[in-house]
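Novice: Below is a structure I'd like to ask you about.
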Amino acid sequence: MAASAAQDLSKGWEFKQADSQEWLPVARVPTNLHLDLMDNKKYRTRLPLSWPMIEDPFLGFNELACQWIHDKDWIYRVKLPSVSSKHGRKHVLALDGLDTYATVKLNDETILESDNMFIMHRIDVTDKLLADKDNMLEIYFKAALPESQRIKAAHPEHKWLGSNGDMARLAARKAQYHYGWDWGPVLITCGPWRAVRLETYEARVADMRIDYEVDSSFKKVTGSITATVEGASGKTVDFSAKLEGNEVFKGTAEVDGDGKATVEFHISEPKLWYPHGYGAQTLYGVTAAVSNGQETLDSVTKRTGFRKGELIQEPDKIGKSFYFRINGIDVFCGGSDWIPADSFTPRITEAKYRKWLEMMVDGYQVMIRVWGGGIWEEDVFYDLCDELGVMVWQDFLFGCGNYPAFPEILDSIEKECVCQTKRLRHHPSMIIYAGNNEDYQIQEQNDLTYNYEDKDPQSWLKTDFPARYIYEKLLPDVVAAHSPHIPYHPGSPWGDGKISSDTTVGDMHQWNVWHGTQEKYQIFDTLGGRFNSEFGMEAFPHIDTIKHYVTDPKQLYPQSHMIDFHNKADGHERRIATYVVENFRTQTDLEKFIHLTQLSQAEALMFGYRGWRKQWGEQRHCGGALVWQLNDCWPVTSWAIVDYFLRKKPAYYAMRRVLAPVAVAVKREHHDWSVVHARPAKTLGWECWVASSKTQDTVGTVEVRFISIATGKEIAEKLVKKDLTITANGTTPVLSGTIDNSACEPHVLAARVWVDGELVSRDCDWPQPLKYLDFSDRGVEVARKGDEIFVRAGKPTKGLVFEEREGVLVHDSALDVVPGDEQVVRVKGLGEGDGDLGWTYLGAP
């Protein structure tokens, strides 16, 4: 056997209901109970009918038929492989994640009690393994719902307040969305949800820490590398760093009495890591190899990158800035919020993670926020963010609640957050930690005690908002100790102790479109703050997704019980109806209704992103915008811009256009038509600008046309601005004017920009609301030639979307098309014999 070895315990497991005698097969570990019960259904032909099983809870009303699981205890077991008993060799059981209330036994001896699914455990079993006999590992999982309810009941002194799910979730260090959320089902999982291994070694590199600084010239990186070694045999550690196979550093250090070995390093002319679009995603391989003096006993290699990441919070004329600077470059953080991509995370493959994150890059999104009610994501997620140049905003795992802070849970939280920050600190994509999601809003809504001027952490524990101790003492201390190069922010939203809706400081969640006061989405940009880390609009998923989960064809209409069941948002009927009725001529046909909801979402997000990106160029008024949300955990109507099956909604494309490296924008003033319908505005001002994320000025040509919606003819001479210097990393005002509504018929403002002779961006501004416009007889022509689709229109056409077909990618959709401007859309995955993609547009017959 090698000096060190790890045997992955992924096969050979069995599970059973605790009060049953029958063991059932487990297909693979990592797993969770629901996956195994679904697999059990597959085995039904050769298993007794009395054995437990479930139908897919993502279909129809099946979620309801799974609720019995949450009150049952379950047991998993596996026979351990034989190991060598060589003197000096340790055997350690590594359990990367147990969900959640778990008792671990080896040969009927309890070796671990765990109540936190996010703690990675290591148990020395050297003296517990039986020689020449079978060794049985057994894990007993208590039902999480009654156990968390028991803990809640044991602490009546605490105010168990919050939104979404059973408030007992606040007592559980478990993914909070398992208890149900306003976009997800109640599916309370258990099981060995991350890898289980049996490791054998004489010495091992237990941890490698890289501390560094990039100097102000960005020409040198200096720092230290520290290896923590387990095992008395480890005497020295050899360190090295390689870039593209070439060694750029090496050094050796002895292991001290505390098991530490440290070397200093410096790299001249380093290749730094940048977000995509701003530079290369350079990654170095850093290795620590522990030796006994004669041979290498163990080695660890981590892929890391060097960058100087800063959160810029400086007083200005608005209040206090909030934006990110990477290697001296200010970065507008257009991106998305991320929830777990499945209710059953063990089945999310590396390929699926890659598709999600590559989709972000293709959409010019540079930041993803890992939301606090989900999970500490898999290693591959952060590896891919490093590789693809996606910056990570990482919430600590607290969401929408008044969390308790009794001693036992504080101890568990600290262990969780120490092991997770140590796991993640080498990733250059990690840009910020935030203490929680919306917990300060729960404090505000329930008038819980929060005196920002009180700086005594111990006093916070005695208030009815004790979690302040977690967010403003425990977590910042953990980050400072273990990941000091990553900024910490107490919560999202949060800003210097002010009310969370303050637009002058910190980040904010702007939910007065959809939730709250339900403002017109046309004014989204006026509602934002210094960094808009949540905002959104719901839309139906694609028809194929709906047909997947609607198991009764009679339920295929917009207001059906089954379709409503697959929308967990409170009051979604009223909110969807409000935004559709205010803006569009309503339709009752399911596919047409889907299209309307998706256009509503696309328009809402366009108005938000377009305006906030403009504000970026206005003295960094807005530092970024992260849409709620990128993805779904099951097939559902939600705020996601891409559904569970990775089918893009039109909003994805609308965002892509406004986040492009150079994006032209044209917009008329907003006039609230719903206040006095009979009195439209006599005149409206309009403006045109160009936003650029390029790091150098560019030169371009901008054109604005004025085109009749009724006839498709130009009602005024087009305006052209040639040889325009487009400001780097900012906003360039181009043209402006006034629309005389009493003299001019309804028309669109159609803008285009060329850089180096290439048409790089379009924008189209329409009279609002769209429901007052006649979209009949548009003269639309769509023709495919090979890998290109050519789109033309005789009259201005709104929201032309293509079918989202499995295995087919279109680079643009949800198009506004005007006469005289043929658009060419690239398409991949369509063979010569494949039928053309279906398409529709607003008002299509």
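A note on labels: chains of the structure tokens are A, B, ... as shown, every chain counts residues from 1, and ligands are counted from 1 in their shown order.
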Select from segment 126-216 of chain A every residue with an atom at most 10 Å from any atom of segment 252-267 of chain A, then for each give the shortest pair of atoms and their distance in Å to one decimal, using only C-alpha atoms, rows by chain and rising number, as a tab-separated table.

Specialist:
```
residue	atom	partner	partner_atom	distance
A:Val205	CA	A:Gly259	CA	9.6
A:Ala206	CA	A:Gly259	CA	9.7
A:Asp207	CA	A:Lys260	CA	9.5
A:Met208	CA	A:Ala261	CA	9.6
A:Arg209	CA	A:Thr262	CA	9.3
A:Ile210	CA	A:Thr262	CA	9.8
A:Asp211	CA	A:Glu264	CA	9.5
A:Tyr212	CA	A:Phe265	CA	8.8
A:Glu213	CA	A:His266	CA	9.6
A:Val214	CA	A:Ile267	CA	9.7
```

Novice: From the DSSP assignment of the backbone, select every residue of segment 91-262 of chain A that is strand (DSSP E), and format the answer as a ChimeraX atom specification.

Specialist: /A:91-95,102-106,109-114,121-124,135-141,196-201,204-214,220-230,236-243,246-254,260-262

Novice: Running DSSP on the backbone, which parts of segment 301-486 of chain A land in alpha helix (DSSP H), as a ChimeraX atom specification?

Specialist: /A:350-362,379-388,407-424,439-445,457-460,468-469,475-482

Novice: Smallest atom-to-atom distance to Val550 of chain A: which of A:Asp386, A:Asp132, A:Asp564, A:Asp812, using only C-alpha atoms?

Specialist: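 Between A:Asp386, A:Asp132, A:Asp564, A:Asp812, the residue approaching Val550 of chain A most closely is A:Asp564.
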
Novice: Could you pull the residues within 12 Å of Val286 of chain A, counting only C-alpha atoms, minus those fewer than 6 positions along the same chain, as number ranges by chain?

Specialist: A: 208-210, 224-227, 238-251, 265, 299-306, 426

Novice: Output N, CA, C and O atoms of each residue in that selection to a file, as a compact mmCIF listing (two decimals), in the first residue's frame.

Specialist:
```
# COMPACT_ATOMS: atom_id res chain seq x y z
N MET A 208 -3.50 23.42 3.94
CA MET A 208 -2.48 24.30 3.36
C MET A 208 -3.09 25.69 3.23
O MET A 208 -4.16 25.86 2.65
N ARG A 209 -2.40 26.65 3.80
CA ARG A 209 -2.88 28.03 3.80
C ARG A 209 -1.89 28.91 3.05
O ARG A 209 -0.69 28.85 3.29
N ILE A 210 -2.43 29.72 2.15
CA ILE A 210 -1.61 30.64 1.37
C ILE A 210 -2.04 32.06 1.71
O ILE A 210 -3.17 32.46 1.44
N SER A 224 3.27 33.90 2.35
CA SER A 224 3.73 32.68 3.01
C SER A 224 2.78 31.55 2.71
O SER A 224 1.59 31.76 2.45
N ILE A 225 3.33 30.34 2.76
CA ILE A 225 2.54 29.13 2.62
C ILE A 225 2.77 28.30 3.87
O ILE A 225 3.92 28.04 4.26
N THR A 226 1.69 27.90 4.52
CA THR A 226 1.77 27.12 5.75
C THR A 226 1.04 25.80 5.56
O THR A 226 -0.12 25.78 5.13
N ALA A 227 1.74 24.71 5.87
CA ALA A 227 1.12 23.39 5.85
C ALA A 227 0.93 22.93 7.29
O ALA A 227 1.82 23.09 8.13
N ASP A 238 8.01 19.94 1.52
CA ASP A 238 8.52 20.58 0.31
C ASP A 238 7.37 21.33 -0.35
O ASP A 238 6.30 20.77 -0.61
N PHE A 239 7.59 22.62 -0.59
CA PHE A 239 6.58 23.47 -1.22
C PHE A 239 7.01 23.82 -2.64
O PHE A 239 8.20 24.02 -2.91
N SER A 240 6.04 23.94 -3.52
CA SER A 240 6.35 24.40 -4.87
C SER A 240 5.12 25.06 -5.47
O SER A 240 3.98 24.82 -5.03
N ALA A 241 5.35 25.91 -6.44
CA ALA A 241 4.26 26.54 -7.19
C ALA A 241 4.60 26.46 -8.67
O ALA A 241 5.74 26.74 -9.07
N LYS A 242 3.62 26.07 -9.46
CA LYS A 242 3.83 25.93 -10.89
C LYS A 242 2.77 26.71 -11.66
O LYS A 242 1.63 26.84 -11.22
N LEU A 243 3.18 27.21 -12.79
CA LEU A 243 2.29 27.88 -13.72
C LEU A 243 2.49 27.26 -15.08
O LEU A 243 3.60 27.31 -15.64
N GLU A 244 1.45 26.63 -15.58
CA GLU A 244 1.49 25.97 -16.90
C GLU A 244 2.67 25.01 -16.99
O GLU A 244 3.38 24.95 -18.01
N GLY A 245 2.90 24.27 -15.91
CA GLY A 245 3.95 23.26 -15.89
C GLY A 245 5.33 23.78 -15.53
O GLY A 245 6.25 22.98 -15.31
N ASN A 246 5.51 25.08 -15.44
CA ASN A 246 6.81 25.66 -15.12
C ASN A 246 6.86 26.06 -13.65
O ASN A 246 5.98 26.76 -13.16
N GLU A 247 7.89 25.62 -12.96
CA GLU A 247 8.02 25.92 -11.54
C GLU A 247 8.44 27.37 -11.34
O GLU A 247 9.41 27.84 -11.93
N VAL A 248 7.70 28.08 -10.52
CA VAL A 248 7.99 29.50 -10.27
C VAL A 248 8.44 29.72 -8.83
O VAL A 248 8.91 30.80 -8.49
N PHE A 249 8.32 28.68 -8.01
CA PHE A 249 8.77 28.80 -6.61
C PHE A 249 8.96 27.40 -6.04
O PHE A 249 8.22 26.47 -6.38
N LYS A 250 9.96 27.26 -5.18
CA LYS A 250 10.08 26.03 -4.38
C LYS A 250 10.79 26.37 -3.08
O LYS A 250 11.56 27.33 -2.99
N GLY A 251 10.50 25.60 -2.07
CA GLY A 251 11.11 25.81 -0.76
C GLY A 251 10.80 24.64 0.15
O GLY A 251 9.91 23.83 -0.12
N PHE A 265 7.44 33.29 0.34
CA PHE A 265 7.63 33.22 -1.11
C PHE A 265 7.41 34.59 -1.73
O PHE A 265 6.77 35.46 -1.14
N SER A 299 0.87 14.37 -0.20
CA SER A 299 0.98 15.70 -0.82
C SER A 299 -0.40 16.23 -1.15
O SER A 299 -1.34 15.46 -1.38
N VAL A 300 -0.50 17.54 -1.13
CA VAL A 300 -1.74 18.23 -1.46
C VAL A 300 -1.41 19.32 -2.47
O VAL A 300 -0.42 20.06 -2.29
N THR A 301 -2.21 19.42 -3.51
CA THR A 301 -2.06 20.50 -4.48
C THR A 301 -3.36 21.28 -4.56
O THR A 301 -4.45 20.69 -4.66
N LYS A 302 -3.25 22.58 -4.46
CA LYS A 302 -4.41 23.45 -4.62
C LYS A 302 -4.16 24.40 -5.78
O LYS A 302 -3.07 24.94 -5.93
N ARG A 303 -5.21 24.59 -6.56
CA ARG A 303 -5.15 25.51 -7.69
C ARG A 303 -5.64 26.86 -7.18
O ARG A 303 -6.77 26.99 -6.69
N THR A 304 -4.79 27.87 -7.28
CA THR A 304 -5.16 29.17 -6.75
C THR A 304 -4.72 30.27 -7.72
O THR A 304 -3.97 30.02 -8.66
N GLY A 305 -5.22 31.44 -7.47
CA GLY A 305 -4.83 32.60 -8.27
C GLY A 305 -4.57 33.77 -7.36
O GLY A 305 -5.05 33.83 -6.23
N PHE A 306 -3.78 34.69 -7.85
CA PHE A 306 -3.43 35.87 -7.06
C PHE A 306 -4.16 37.08 -7.63
O PHE A 306 -4.14 37.34 -8.83
N HIS A 426 -8.60 29.44 -0.64
CA HIS A 426 -7.61 29.51 -1.73
C HIS A 426 -8.23 29.90 -3.07
O HIS A 426 -7.50 30.11 -4.04
```

Novice: Which is closer to Thr449 of chain A than all the others in A:Trp612, A:Phe465, A:Tyr471, A:Trp514, using only C-alpha atoms?

Specialist: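 The shortest atom-to-atom distance to Thr449 of chain A comes from A:Phe465.
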
Novice: Please determine, counting only C-alpha atoms, which residue among A:Glu538, A:Gly277, A:Glu519, A:Ser217 has the shortest atom-to-atom distance to Ala660 of chain A.

Specialist: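 Residue with the minimum atom-to-atom distance to Ala660 of chain A: A:Gly277.
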
Novice: Between A:Pro661, A:Pro192, A:Pro819, A:Gly624, which one has atoms that come closest to Lys694 of chain A, using only C-alpha atoms?

Specialist: A:Pro661

Novice: I need the residue nearest Tyr382 of chain A from this list: A:Glu408, A:Arg425, A:Leu33, A:Ala665. Use only C-alpha atoms for the distance.

Specialist: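 Of all the options, A:Arg425 lies closest to Tyr382 of chain A.
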
Novice: Find, counting only C-alpha atoms, the residue in A:Lys422, A:Lys614, A:Lys648, A:Arg369 that gets nearest to Ser533 of chain A.

Specialist: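 Using only C-alpha atoms, Ser533 of chain A sits closest to A:Arg369.
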
Novice: Do a neighbour search on Phe344 of chain A at 9 Å with only C-alpha atoms, toss out local chain neighbours closer than 2 positions, and write the hits as a PyMOL selection string.

Specialist: chain A and resi 31-32+34-35+187+189+193+340-342+346-348+633

Novice: Which residues come within 9 Å of Glu534 of chain A, counting only C-alpha atoms, excluding same-chain residues fewer than 6 positions away, as JSON, numbers by chain?

Specialist: {"A": [336, 337, 492, 493, 507, 508, 509, 510, 511, 625, 626, 627, 628, 629]}

Novice: Using only C-alpha atoms, which protein or nucleic acid residues come within 7 Å of Val78 of chain A? Drop anything in the same chain fewer than 6 positions from it, and give the result as a list in words.

Specialist: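 With the cut-off at 7 Å, the set is Gly12, Trp13, Glu14, Met136, Leu137 and Glu138 of chain A.
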
Novice: How many Å lie between atom CA of Ser500 of chain A and atom CA of Gln441 of chain A, rounded to one decimal?

Specialist: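 Atom-to-atom, atom CA of Ser500 of chain A to atom CA of Gln441 of chain A, that is 6.4 Å.
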
Novice: Please provide as a list of chain:residue names all residues within 8 Å of Gln7 of chain A, with the sequence filter that same-chain residues fewer than 2 positions apart are discarded (counting only C-alpha atoms).

Specialist: A:Ala5, A:Leu9, A:Arg197, A:Leu198, A:Glu199
